[in-house]
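Raw entry31.pdb, PDB, C-alpha atoms:
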MODEL        1
ATOM      1  CA  MET A   1     -18.707 -12.864   0.605
ATOM      2  CA  ASN A   2     -18.641 -11.841   4.232
ATOM      3  CA  ASP A   3     -21.702 -12.480   6.376
ATOM      4  CA  PRO A   4     -23.177  -9.004   7.085
ATOM      5  CA  THR A   5     -24.327 -10.202  10.516
ATOM      6  CA  SER A   6     -20.846 -11.279  11.612
ATOM      7  CA  PRO A   7     -18.317  -8.834  13.094
ATOM      8  CA  PRO A   8     -15.862  -7.373  10.591
ATOM      9  CA  PRO A   9     -12.465  -9.057  10.400
ATOM     10  CA  SER A  10      -9.589  -7.503  12.295
ATOM     11  CA  ASP A  11      -6.620  -5.896  10.572
ATOM     12  CA  ALA A  12      -4.486  -8.871  11.648
ATOM     13  CA  GLU A  13      -6.907 -11.340  10.039
ATOM     14  CA  VAL A  14      -6.968  -9.370   6.795
ATOM     15  CA  GLU A  15      -3.175  -9.043   6.772
ATOM     16  CA  GLN A  16      -2.871 -12.826   7.068
ATOM     17  CA  ALA A  17      -5.407 -13.396   4.290
ATOM     18  CA  ILE A  18      -3.544 -10.977   2.005
ATOM     19  CA  LYS A  19      -0.240 -12.666   2.809
ATOM     20  CA  THR A  20      -1.681 -16.094   2.040
ATOM     21  CA  HIS A  21      -2.945 -14.961  -1.350
ATOM     22  CA  LEU A  22       0.324 -13.252  -2.249
ATOM     23  CA  GLU A  23       2.392 -16.272  -1.222
ATOM     24  CA  ARG A  24       0.416 -18.416  -3.661
ATOM     25  CA  GLY A  25       1.524 -16.009  -6.357
ATOM     26  CA  ALA A  26      -1.052 -16.758  -9.048
ATOM     27  CA  THR A  27      -2.580 -13.827 -10.910
ATOM     28  CA  ASP A  28      -6.015 -14.583  -9.472
ATOM     29  CA  ASP A  29      -4.547 -14.671  -5.972
ATOM     30  CA  VAL A  30      -2.870 -11.271  -6.423
ATOM     31  CA  GLN A  31      -6.216  -9.953  -7.633
ATOM     32  CA  ARG A  32      -7.949 -11.363  -4.542
ATOM     33  CA  ALA A  33      -5.281  -9.924  -2.248
ATOM     34  CA  VAL A  34      -5.693  -6.430  -3.678
ATOM     35  CA  GLU A  35      -9.478  -6.634  -3.603
ATOM     36  CA  ARG A  36      -9.353  -7.803   0.014
ATOM     37  CA  ALA A  37      -7.175  -4.778   0.812
ATOM     38  CA  ILE A  38      -9.604  -2.467  -0.990
ATOM     39  CA  GLU A  39     -12.564  -3.926   0.853
ATOM     40  CA  HIS A  40     -10.957  -3.629   4.280
ATOM     41  CA  TYR A  41      -8.738  -0.533   4.027
ATOM     42  CA  GLY A  42     -10.282   1.361   1.105
ATOM     43  CA  GLN A  43     -12.643   3.591   3.076
ATOM     44  CA  ARG A  44      -9.950   4.641   5.534
ATOM     45  CA  LEU A  45      -7.450   5.336   2.784
ATOM     46  CA  CYS A  46      -9.970   7.421   0.839
ATOM     47  CA  ALA A  47     -10.583   9.571   3.893
ATOM     48  CA  PHE A  48      -6.839   9.830   4.506
ATOM     49  CA  ILE A  49      -6.164  10.939   0.920
ATOM     50  CA  LEU A  50      -9.019  13.454   1.006
ATOM     51  CA  GLY A  51      -7.574  14.912   4.171
ATOM     52  CA  LEU A  52      -4.268  15.506   2.396
ATOM     53  CA  VAL A  53      -5.337  16.768  -1.024
ATOM     54  CA  LYS A  54      -8.672  18.452  -0.062
ATOM     55  CA  ASP A  55     -10.046  18.101  -3.602
ATOM     56  CA  PRO A  56     -12.370  15.159  -4.458
ATOM     57  CA  ALA A  57     -11.291  15.020  -8.122
ATOM     58  CA  THR A  58      -7.627  14.892  -7.171
ATOM     59  CA  ALA A  59      -8.413  12.344  -4.455
ATOM     60  CA  ALA A  60     -10.095  10.131  -7.063
ATOM     61  CA  ASP A  61      -6.965  10.296  -9.228
ATOM     62  CA  VAL A  62      -4.702   9.476  -6.297
ATOM     63  CA  GLN A  63      -6.969   6.635  -5.244
ATOM     64  CA  GLN A  64      -6.885   5.054  -8.682
ATOM     65  CA  ASP A  65      -3.119   5.482  -9.026
ATOM     66  CA  LEU A  66      -2.638   4.007  -5.564
ATOM     67  CA  TRP A  67      -4.402   0.750  -6.310
ATOM     68  CA  ILE A  68      -2.767   0.401  -9.724
ATOM     69  CA  ALA A  69       0.595   0.688  -7.962
ATOM     70  CA  VAL A  70      -0.486  -1.770  -5.260
ATOM     71  CA  TYR A  71      -1.493  -4.320  -7.866
ATOM     72  CA  ALA A  72       1.807  -3.884  -9.691
ATOM     73  CA  HIS A  73       4.074  -4.104  -6.639
ATOM     74  CA  ALA A  74       2.166  -6.341  -4.191
ATOM     75  CA  PRO A  75       3.643  -9.617  -5.563
ATOM     76  CA  ARG A  76       7.099  -8.364  -4.507
ATOM     77  CA  PHE A  77       6.030  -7.050  -1.099
ATOM     78  CA  ARG A  78       8.593  -8.315   1.433
ATOM     79  CA  TRP A  79       6.548  -7.911   4.659
ATOM     80  CA  GLU A  80       9.181  -5.749   6.340
ATOM     81  CA  SER A  81       6.179  -3.738   7.567
ATOM     82  CA  SER A  82       2.472  -4.462   7.700
ATOM     83  CA  PHE A  83       0.578  -4.297   4.427
ATOM     84  CA  LYS A  84      -1.509  -1.506   5.959
ATOM     85  CA  GLY A  85       1.601   0.520   6.753
ATOM     86  CA  TRP A  86       2.808   0.103   3.185
ATOM     87  CA  LEU A  87      -0.562   1.292   1.835
ATOM     88  CA  TYR A  88      -0.388   4.468   3.916
ATOM     89  CA  LEU A  89       3.191   5.104   2.809
ATOM     90  CA  LEU A  90       2.172   4.842  -0.855
ATOM     91  CA  ALA A  91      -0.979   6.910  -0.326
ATOM     92  CA  ARG A  92       0.916   9.741   1.371
ATOM     93  CA  ARG A  93       3.630   9.897  -1.279
ATOM     94  CA  MET A  94       1.124   9.869  -4.114
ATOM     95  CA  ALA A  95      -1.030  12.517  -2.444
ATOM     96  CA  ILE A  96       1.979  14.802  -1.980
ATOM     97  CA  LYS A  97       2.923  14.408  -5.639
ATOM     98  CA  ALA A  98      -0.666  15.140  -6.682
ATOM     99  CA  VAL A  99      -0.716  18.355  -4.651
ATOM    100  CA  GLN A 100       2.650  19.480  -6.023
ATOM    101  CA  ARG A 101       1.939  18.846  -9.682
ATOM    102  CA  ASP A 102      -0.515  20.764 -11.831
ATOM    103  CA  ARG A 103      -4.000  19.302 -11.789
ATOM    104  CA  GLN A 104      -3.711  18.007 -15.305
ATOM    105  CA  ARG A 105      -5.787  15.063 -16.360
ATOM    106  CA  HIS A 106      -3.860  12.208 -17.933
ATOM    107  CA  GLU A 107      -5.294   9.112 -19.485
ATOM    108  CA  ARG A 108      -4.771   5.734 -17.909
ATOM    109  CA  ALA A 109      -4.863   2.474 -19.780
ATOM    110  CA  GLY A 110      -4.973  -1.118 -18.686
ATOM    111  CA  VAL A 111      -6.239  -0.662 -15.142
ATOM    112  CA  PRO A 112      -5.716  -4.174 -13.678
ATOM    113  CA  LEU A 113      -8.694  -4.122 -11.336
ATOM    114  CA  SER A 114     -12.005  -5.872 -11.720
ATOM    115  CA  GLN A 115     -15.269  -4.013 -12.218
ATOM    116  CA  ALA A 116     -16.343  -5.066  -8.740
ATOM    117  CA  ALA A 117     -13.173  -3.567  -7.227
ATOM    118  CA  GLU A 118     -13.641  -0.320  -9.134
ATOM    119  CA  SER A 119     -17.251  -0.136  -7.928
ATOM    120  CA  ARG A 120     -16.108  -0.532  -4.329
ATOM    121  CA  LEU A 121     -13.533   2.223  -4.791
ATOM    122  CA  ALA A 122     -16.189   4.554  -6.186
ATOM    123  CA  ALA A 123     -18.446   3.773  -3.229
ATOM    124  CA  HIS A 124     -15.600   4.349  -0.760
ATOM    125  CA  LEU A 125     -14.811   7.721  -2.306
ATOM    126  CA  ALA A 126     -18.461   8.817  -2.346
ATOM    127  CA  THR A 127     -18.856   7.908   1.320
ATOM    128  CA  SER A 128     -15.597   9.615   2.261
ATOM    129  CA  ILE A 129     -16.589  12.812   0.454
ATOM    130  CA  ALA A 130     -19.965  12.834   2.200
ATOM    131  CA  MET A 131     -18.328  12.368   5.601
ATOM    132  CA  TRP A 132     -15.626  14.929   4.770
ATOM    133  CA  LYS A 133     -18.231  17.574   3.935
ATOM    134  CA  LYS A 134     -20.393  17.103   7.025
ATOM    135  CA  ASP A 135     -20.829  20.329   8.985
ATOM    136  CA  ASP A 136     -20.531  18.931  12.494
ATOM    137  CA  PHE A 137     -18.113  18.472  15.351
ATOM    138  CA  LYS A 138     -15.831  16.258  13.259
ATOM    139  CA  GLN A 139     -15.485  18.928  10.578
ATOM    140  CA  ARG A 140     -14.630  21.553  13.182
ATOM    141  CA  PHE A 141     -12.070  19.234  14.717
ATOM    142  CA  ARG A 142     -10.684  18.449  11.244
ATOM    143  CA  ALA A 143     -10.220  22.164  10.687
ATOM    144  CA  LEU A 144      -8.036  22.235  13.789
ATOM    145  CA  ARG A 145      -5.944  19.387  12.406
ATOM    146  CA  ASP A 146      -5.509  21.382   9.215
ATOM    147  CA  GLN A 147      -3.573  23.971  11.221
ATOM    148  CA  LEU A 148      -0.891  21.357  11.826
ATOM    149  CA  SER A 149       1.863  20.545   9.352
ATOM    150  CA  GLU A 150       1.280  17.792   6.804
ATOM    151  CA  LYS A 151       3.635  15.423   8.606
ATOM    152  CA  ASP A 152       2.007  16.133  11.970
ATOM    153  CA  ARG A 153      -1.454  15.448  10.512
ATOM    154  CA  THR A 154      -0.170  12.225   8.978
ATOM    155  CA  LEU A 155       1.420  11.246  12.279
ATOM    156  CA  LEU A 156      -1.929  11.715  14.048
ATOM    157  CA  VAL A 157      -3.806   9.620  11.508
ATOM    158  CA  MET A 158      -1.255   6.832  11.438
ATOM    159  CA  ARG A 159      -0.789   6.601  15.200
ATOM    160  CA  ALA A 160      -4.029   7.827  16.786
ATOM    161  CA  ASP A 161      -6.476   6.668  14.104
ATOM    162  CA  GLN A 162      -4.757   3.630  12.584
ATOM    163  CA  GLU A 163      -2.563   2.592  15.537
ATOM    164  CA  LEU A 164       0.453   1.874  13.346
ATOM    165  CA  PRO A 165       3.748   1.129  15.116
ATOM    166  CA  PHE A 166       6.148   4.061  15.250
ATOM    167  CA  ARG A 167       8.637   2.062  13.192
ATOM    168  CA  GLU A 168       6.223   1.870  10.271
ATOM    169  CA  ILE A 169       5.320   5.535  10.676
ATOM    170  CA  ALA A 170       9.016   6.424  10.569
ATOM    171  CA  LEU A 171       9.363   4.564   7.278
ATOM    172  CA  ALA A 172       6.212   6.132   5.860
ATOM    173  CA  LEU A 173       7.271   9.679   6.789
ATOM    174  CA  ALA A 174      10.796   9.262   5.454
ATOM    175  CA  GLU A 175      11.677  11.050   2.253
ATOM    176  CA  PRO A 176      11.711   8.826  -0.850
ATOM    177  CA  ASP A 177      15.507   9.018  -1.171
ATOM    178  CA  GLU A 178      16.220   8.379   2.539
ATOM    179  CA  ASN A 179      17.890   5.137   3.546
ATOM    180  CA  LEU A 180      17.429   4.528   7.263
ATOM    181  CA  ASP A 181      19.694   1.921   8.843
ATOM    182  CA  ALA A 182      18.675   0.185  12.084
ATOM    183  CA  ALA A 183      20.247   2.819  14.340
ATOM    184  CA  ALA A 184      18.774   5.739  12.387
ATOM    185  CA  LEU A 185      15.362   4.067  12.335
ATOM    186  CA  LYS A 186      15.441   3.566  16.098
ATOM    187  CA  THR A 187      16.376   7.218  16.616
ATOM    188  CA  ARG A 188      13.553   8.279  14.286
ATOM    189  CA  GLU A 189      11.079   6.119  16.228
ATOM    190  CA  THR A 190      12.060   7.759  19.515
ATOM    191  CA  THR A 191      11.793  11.207  17.962
ATOM    192  CA  LEU A 192       8.338  10.412  16.601
ATOM    193  CA  MET A 193       7.122   9.198  20.001
ATOM    194  CA  LYS A 194       8.091  12.512  21.567
ATOM    195  CA  ARG A 195       6.704  14.459  18.630
ATOM    196  CA  PHE A 196       3.406  12.609  18.855
ATOM    197  CA  GLN A 197       2.980  13.725  22.452
ATOM    198  CA  ARG A 198       3.703  17.335  21.454
ATOM    199  CA  VAL A 199       1.250  17.142  18.545
ATOM    200  CA  LYS A 200      -1.499  15.781  20.812
ATOM    201  CA  GLN A 201      -0.864  18.590  23.287
ATOM    202  CA  ARG A 202      -0.930  21.169  20.488
ATOM    203  CA  LEU A 203      -4.206  19.788  19.138
ATOM    204  CA  TYR A 204      -5.724  19.792  22.615
ATOM    205  CA  GLN A 205      -4.719  23.430  23.070
ATOM    206  CA  LEU A 206      -6.294  24.364  19.729
ATOM    207  CA  ALA A 207      -9.487  22.469  20.671
ATOM    208  CA  LEU A 208      -9.533  24.226  24.023
ATOM    209  CA  GLU A 209      -9.217  27.652  22.390
ATOM    210  CA  ALA A 210     -11.982  26.767  19.914
ATOM    211  CA  GLY A 211     -14.306  25.642  22.688
ATOM    212  CA  LEU A 212     -14.454  22.042  21.449
ATOM    213  CA  VAL A 213     -13.295  20.638  24.783
ATOM    214  CA  PRO A 214     -13.997  21.916  28.274
ATOM    215  CA  PRO A 215     -11.127  23.403  30.272
ATOM    216  CA  THR A 216      -9.724  21.216  33.016
ATOM    217  CA  ASP A 217     -10.192  22.317  36.583
ATOM    218  CA  GLU A 218      -7.169  23.944  38.170
TER     219      GLU A 218
ENDMDL
END

Can the structure from this file be put into structure tokens for me?
Amino acid sequence: MNDPTSPPPSDAEVEQAIKTHLERGATDDVQRAVERAIEHYGQRLCAFILGLVKDPATAADVQQDLWIAVYAHAPRFRWESSFKGWLYLLARRMAIKAVQRDRQRHERAGVPLSQAAESRLAAHLATSIAMWKKDDFKQRFRALRDQLSEKDRTLLVMRADQELPFREIALALAEPDENLDAAALKTRETTLMKRFQRVKQRLYQLALEAGLVPPTDE
């Protein structure tokens, strides 16, 4: 267990720990890798999912499906991107599917996560919902983000909030059936860099109009 008085580990340290566990390949090591990912990235992913689906019940479903999928596919993860980037890709795709489909409940069996991991997920979701519902500056600013397209909101989160490389964002924002070769991926990266600047400018203009930021002096 981590020492509560010590600084939290960096993303790079957690990525290395996850990689070490997955390279060992034993079932217990896969379990530890997933639980380490939940512990470190779970809160951020819960907030990200809530921002996409807007509904706590749907977010809970997406969250559970996400980590079931991570457990199933993590042993074959090829490290062509960061583990964090892969988590956001999965989370976005699952959230989009959840929004598109009818909100029907379906039973799940054989969830391969420990009770401790499930308890952490429940705590992450509860905290995210509480933060999401706060009536303060962040909620007003979030409302401005909601005026942007889904891909623009995701771009802001992945780049501004999570500091993911544009390459990983390009892969995450690609359609499921898209196959991007090296040249196409490079073009997509460049496009996203320019788009990110436009999105930031658009968000600033919205914040200016809403009185959330002071106007600059002429």

task: Between A:Ala182, A:Cys46, A:Ala91, A:Ala12, single out the one closest to A:Ala60, counting all atoms listed in the file.
output: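 Residue with the minimum atom-to-atom distance to A:Ala60: A:Cys46.
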
For the structure shown, which residues end up in the PyMOL selection byres ((chain A and resi 196-204) around 9)? Put them as a PDB file with C-alpha atoms, in the coordinates of the input, please?
ATOM      1  CA  LEU A 144      -8.036  22.235  13.789  1.00  0.00           C
ATOM      2  CA  ARG A 145      -5.944  19.387  12.406  1.00  0.00           C
ATOM      3  CA  GLN A 147      -3.573  23.971  11.221  1.00  0.00           C
ATOM      4  CA  LEU A 148      -0.891  21.357  11.826  1.00  0.00           C
ATOM      5  CA  ASP A 152       2.007  16.133  11.970  1.00  0.00           C
ATOM      6  CA  ARG A 153      -1.454  15.448  10.512  1.00  0.00           C
ATOM      7  CA  LEU A 155       1.420  11.246  12.279  1.00  0.00           C
ATOM      8  CA  LEU A 156      -1.929  11.715  14.048  1.00  0.00           C
ATOM      9  CA  ARG A 159      -0.789   6.601  15.200  1.00  0.00           C
ATOM     10  CA  THR A 191      11.793  11.207  17.962  1.00  0.00           C
ATOM     11  CA  LEU A 192       8.338  10.412  16.601  1.00  0.00           C
ATOM     12  CA  MET A 193       7.122   9.198  20.001  1.00  0.00           C
ATOM     13  CA  LYS A 194       8.091  12.512  21.567  1.00  0.00           C
ATOM     14  CA  ARG A 195       6.704  14.459  18.630  1.00  0.00           C
ATOM     15  CA  GLN A 205      -4.719  23.430  23.070  1.00  0.00           C
ATOM     16  CA  LEU A 206      -6.294  24.364  19.729  1.00  0.00           C
ATOM     17  CA  ALA A 207      -9.487  22.469  20.671  1.00  0.00           C
ATOM     18  CA  LEU A 208      -9.533  24.226  24.023  1.00  0.00           C
ATOM     19  CA  GLU A 209      -9.217  27.652  22.390  1.00  0.00           C
ATOM     20  CA  VAL A 213     -13.295  20.638  24.783  1.00  0.00           C
TER      21      VAL A 213
END

query: From the set A:Leu45, A:Val70, A:Val62, A:Val30, which residue has the shortest atom-to-atom contact distance to A:Gln162, counting only C-alpha atoms?
result: A:Leu45

task: Can you work out which one of A:Ala123, A:Leu66, A:Ala183, A:Ala210 has the shortest atom-to-atom distance to A:Gln43, counting all atoms listed in the file?
output: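 Smallest separation from A:Gln43 among the options: A:Ala123.
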
message: As a check of understanding, name the residues that the PyMOL selection byres ((chain A and resi 188) around 10) selects in the supplied structure, as a list in words.
response: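 Applied to this file, the PyMOL selection byres ((chain A and resi 188) around 10) returns Phe166, Arg167, Ile169, Ala170, Leu171, Leu173, Ala174, Leu180, Ala182, Ala183, Ala184, Leu185, Lys186, Thr187, Glu189, Thr190, Thr191, Leu192 and Met193 of chain A.
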
Please return, as a tab-separated table (two decimals) with C-alpha atoms, in the frame of the given file, all polymer residues that have at least one atom within 12 Å of the point (-3.6, -10.5, 8.8); use only C-alpha atoms and the file's own coordinate frame.
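For reference, selection_23.tsv as written:
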chain	number	residue	atom	x	y	z
A	9	PRO	CA	-12.46	-9.06	10.40
A	10	SER	CA	-9.59	-7.50	12.30
A	11	ASP	CA	-6.62	-5.90	10.57
A	12	ALA	CA	-4.49	-8.87	11.65
A	13	GLU	CA	-6.91	-11.34	10.04
A	14	VAL	CA	-6.97	-9.37	6.80
A	15	GLU	CA	-3.18	-9.04	6.77
A	16	GLN	CA	-2.87	-12.83	7.07
A	17	ALA	CA	-5.41	-13.40	4.29
A	18	ILE	CA	-3.54	-10.98	2.00
A	19	LYS	CA	-0.24	-12.67	2.81
A	20	THR	CA	-1.68	-16.09	2.04
A	21	HIS	CA	-2.94	-14.96	-1.35
A	33	ALA	CA	-5.28	-9.92	-2.25
A	36	ARG	CA	-9.35	-7.80	0.01
A	37	ALA	CA	-7.18	-4.78	0.81
A	40	HIS	CA	-10.96	-3.63	4.28
A	79	TRP	CA	6.55	-7.91	4.66
A	81	SER	CA	6.18	-3.74	7.57
A	82	SER	CA	2.47	-4.46	7.70
A	83	PHE	CA	0.58	-4.30	4.43
A	84	LYS	CA	-1.51	-1.51	5.96

field: Of the listed residues A:Gly85, A:Pro75, A:Pro176, A:Gly211, that which approaches A:Ala26 most closely, counting only C-alpha atoms
entry: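 Checking each of A:Gly85, A:Pro75, A:Pro176, A:Gly211 against A:Ala26, counting only C-alpha atoms, the winner is A:Pro75.
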
query: Which protein, DNA or RNA residues have an atom at most 10 Å from (-0.5, -1.5, -7.8), counting all atoms listed in the file? List them as a ChimeraX atom specification.
result: /A:34,64-75,90,111-113

Please write as a PDB file with C-alpha atoms, keeping the file's coordinate frame the full residue list that the PyMOL selection byres ((chain A and resi 49) around 9) yields on this file.
ATOM      1  CA  ARG A  44      -9.950   4.641   5.534  1.00  0.00           C
ATOM      2  CA  LEU A  45      -7.450   5.336   2.784  1.00  0.00           C
ATOM      3  CA  CYS A  46      -9.970   7.421   0.839  1.00  0.00           C
ATOM      4  CA  ALA A  47     -10.583   9.571   3.893  1.00  0.00           C
ATOM      5  CA  PHE A  48      -6.839   9.830   4.506  1.00  0.00           C
ATOM      6  CA  LEU A  50      -9.019  13.454   1.006  1.00  0.00           C
ATOM      7  CA  GLY A  51      -7.574  14.912   4.171  1.00  0.00           C
ATOM      8  CA  LEU A  52      -4.268  15.506   2.396  1.00  0.00           C
ATOM      9  CA  VAL A  53      -5.337  16.768  -1.024  1.00  0.00           C
ATOM     10  CA  LYS A  54      -8.672  18.452  -0.062  1.00  0.00           C
ATOM     11  CA  ALA A  59      -8.413  12.344  -4.455  1.00  0.00           C
ATOM     12  CA  ALA A  60     -10.095  10.131  -7.063  1.00  0.00           C
ATOM     13  CA  VAL A  62      -4.702   9.476  -6.297  1.00  0.00           C
ATOM     14  CA  GLN A  63      -6.969   6.635  -5.244  1.00  0.00           C
ATOM     15  CA  ALA A  91      -0.979   6.910  -0.326  1.00  0.00           C
ATOM     16  CA  ARG A  92       0.916   9.741   1.371  1.00  0.00           C
ATOM     17  CA  MET A  94       1.124   9.869  -4.114  1.00  0.00           C
ATOM     18  CA  ALA A  95      -1.030  12.517  -2.444  1.00  0.00           C
TER      19      ALA A  95
END

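You will find atom CA of A:Asn179 at 14.7 Å from atom CA of A:Leu89.
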
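Here atom CA of A:Met158 and atom CA of A:Ile96 stand 15.9 Å from one another.
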
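If you measure from each of A:Tyr88, A:Ala160, A:Ser149, A:Arg76 to A:Leu22 using all atoms listed in the file, the closest one turns out to be A:Arg76.
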
- prompt: Hey, can you check how far atom CA of A:Pro7 sits from atom CA of A:Arg78?
  reply: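 These atoms are spaced 29.3 Å apart.
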